[in-house]
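Asker: Handing you this structure, nothing more for now.
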Amino acid sequence: MSEVDARFDAFFRHRIGMDIGSVGPKVVAMAIERRQRWQRLPSIDAYWALLEQDDAECQALIESVVVSESWFYRYAESFAALRRVALERRGGAPLRLLSLPCASGEEPYSIVMTLFDAGLGPAEFSVDAVDVSDRALSRAREARYGPHAFRDSAVKAHQHHFLFTEEGAQVTERVRRQVRLFQGNLLEPAQSQVLGVYDVVFCRNLLIYLDAQARNRALAMLSELSAPGGLVFVAPSEACLLLRSGFRAAPLPQSSAFFASSTQPAGPPPSSPGVRRERPQSKVRRASERRASAPLTKRCLQPKAPSLEHELARVERLANARCFDEALTLCRQLQTRLGPDASIYYWQGLIHDARGDASRAVDDYRKALYLCPDHVEALMQLAALSEARGDDAQASRLRYRLQLKSSTQG
Ligand SMILES: C[S@@+](CC[C@H](N)C(=O)[O-])C[C@H]1O[C@@H](n2cnc3c(N)ncnc32)[C@H](O)[C@@H]1O
């Protein structure tokens, strides 16, 4: 069986929202065949009949296709942002955090290590961690990891949270105690009743595997799971999905963090229990924040004229109001009036990205980088977009450029 039988395609969509194209139909077809052989069944129909009546087999089939790869301090910038949020928020009610999906535990344990190393005590926060895979959860419970879990160098600063043995690196008891592990499915509406609401939700590298319908349900669940003013962290390649769905980018550079739309308070920032906010948010980060957070080359740092600054703020307002056509028209007028400019191309890219036109977005980010090779945010967006389009080689080249840039900045 090289292509996947429609019944199985529907099974995965219905059970876990998975678009089998995201992992490859061949991989899924082979997994089904393996399970059929394991059950010593003569045909795919016989295997389907078993699946219809056996929950344990359903779980086994799901286990055989989910991708549970993870590592410590994946997208290290998110953890730097988390540290900042936790310190700003300190002194209020204990911070409630959720890692969903948590896979084999590297993500929730990285959260705990970050908060302990920021100086928080065990009573100041709690971490719930959920995944649909029992197998991944038992690895999380064991909490012993091999070299692959250490591929991000950011983990080096947190090595004191491990006991290194011949069998692998064991997460310390103190860190493990801080995490509650649950088996669960993001798409199950009962989930939020079971788990409550959170100030910070990490939901990274799940949305990319979901079909459009499941993704919408997942985004709605993320809003439900978020406390007022709560933050949702996603993977960089998933950021444009949130932007398109009305989530607002949080002013935390390079972190792919968003305020859940339905939980965004209209009035002044809440004192508690939400995450404290210092400034009004915008769906697309403000030009002033971009400058402060993402240092560009000297040439890019110099605003051409006060009018550009002012005009880019107008572009931003239009983009935030989802008046994409008007925002793009304004960008084009600015290019004509002021000449080619990296910031304007960057904004055009962001707007094309937000409306789902990836190829135009790529084109504009490239132009921004041609004019300003160190434009950090254009590099980040283009890397995320390349990854989302399956161009991993291009994504790694761009991330390498970002790494070089941050290492030369000390
Ligand atoms: C690639 S891992 C992501 C782990 C971690 N968040 C990270 O970014 O490193 C994806 C995980 O999603 C889990 N998963 C897939 N569908 C799910 C669903 N509907 N609900 C909860 N977890 C799910 C899989 O079991 C797998 O462990």
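Labels used: A, B, ... for chains in the order of the structure tokens, numbers from 1 for residues in each chain, and numbers from 1 for ligands as shown.
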Report the residues of stretch 11-237 of chain A whose backbone DSSP state falls under strand (DSSP E), written as an NGL selection string.

Answerer: :A and (95-99 or 125-131 or 144-145 or 162-165 or 168-171 or 179-183 or 198-202 or 226-233)

Asker: Write out, as a tab-separated table, each residue of chain A that has an atom at most 9 Å from ligand 1, together with the closest pair of atoms and their distance in Å to one decimal, counting only C-alpha atoms and all ligand atoms, rows going by chain and rising number.

Answerer:
```
residue	atom	partner	partner_atom_place_in_ligand_line	distance
A:Arg15	CA	ligand 1	19 (N)	7.3
A:Ile16	CA	ligand 1	19 (N)	4.0
A:Gly17	CA	ligand 1	19 (N)	6.0
A:Met18	CA	ligand 1	16 (N)	6.8
A:Ile62	CA	ligand 1	25 (O)	8.1
A:Glu63	CA	ligand 1	25 (O)	7.0
A:Val65	CA	ligand 1	25 (O)	8.6
A:Val66	CA	ligand 1	24 (C)	5.0
A:Val67	CA	ligand 1	26 (C)	5.1
A:Ser68	CA	ligand 1	27 (O)	3.6
A:Glu69	CA	ligand 1	1 (C)	4.8
A:Ser70	CA	ligand 1	9 (O)	3.7
A:Trp71	CA	ligand 1	9 (O)	5.8
A:Phe72	CA	ligand 1	9 (O)	7.8
A:Tyr73	CA	ligand 1	9 (O)	8.6
A:Arg74	CA	ligand 1	9 (O)	6.2
A:Tyr75	CA	ligand 1	8 (O)	8.6
A:Ser99	CA	ligand 1	6 (N)	6.8
A:Leu100	CA	ligand 1	21 (C)	6.3
A:Pro101	CA	ligand 1	22 (N)	4.5
A:Cys102	CA	ligand 1	6 (N)	4.9
A:Ala103	CA	ligand 1	27 (O)	3.6
A:Ser104	CA	ligand 1	27 (O)	6.8
A:Gly105	CA	ligand 1	5 (C)	7.9
A:Glu106	CA	ligand 1	9 (O)	7.0
A:Glu107	CA	ligand 1	5 (C)	5.8
A:Pro108	CA	ligand 1	6 (N)	8.5
A:Val130	CA	ligand 1	21 (C)	6.6
A:Asp131	CA	ligand 1	22 (N)	4.1
A:Val132	CA	ligand 1	22 (N)	4.2
A:Ser133	CA	ligand 1	25 (O)	4.4
A:Asp134	CA	ligand 1	25 (O)	8.0
A:Arg135	CA	ligand 1	25 (O)	8.4
A:Ala136	CA	ligand 1	27 (O)	6.0
A:Leu137	CA	ligand 1	27 (O)	8.2
A:Gln183	CA	ligand 1	21 (C)	8.0
A:Gly184	CA	ligand 1	21 (C)	5.8
A:Asn185	CA	ligand 1	20 (N)	3.5
A:Leu186	CA	ligand 1	20 (N)	4.0
A:Leu187	CA	ligand 1	19 (N)	5.4
A:Glu188	CA	ligand 1	19 (N)	8.0
A:Phe202	CA	ligand 1	6 (N)	6.9
A:Cys203	CA	ligand 1	6 (N)	5.8
A:Arg204	CA	ligand 1	8 (O)	4.2
A:Asn205	CA	ligand 1	8 (O)	4.6
A:Leu206	CA	ligand 1	12 (O)	5.1
A:Leu207	CA	ligand 1	16 (N)	8.5
A:Tyr209	CA	ligand 1	15 (C)	7.4
A:Leu210	CA	ligand 1	16 (N)	7.7
A:Ala214	CA	ligand 1	19 (N)	8.4
A:Ala218	CA	ligand 1	19 (N)	8.2
A:Val234	CA	ligand 1	8 (O)	8.0
A:Ala235	CA	ligand 1	8 (O)	6.7
```

Asker: Find, counting only C-alpha atoms, the residue in A:Arg314, A:Arg176, A:Lys26, A:Arg248 that gets nearest to A:Val112.

Answerer: A:Arg176

Asker: I'd like the contact shell of A:Asp364 - 6 Å cut-off, only C-alpha atoms, skipping same-chain residues fewer than 2 positions apart - returned as a list of chain:residue names.

Answerer: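 My reading of the contact set: A:Tyr345, A:Gly349, A:Ala361, A:Val362, A:Arg366, A:Lys367.
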
Asker: So what do you get for atom CA of A:Val171 versus atom CA of A:Ile111, distance-wise?

Answerer: 12.6 Å
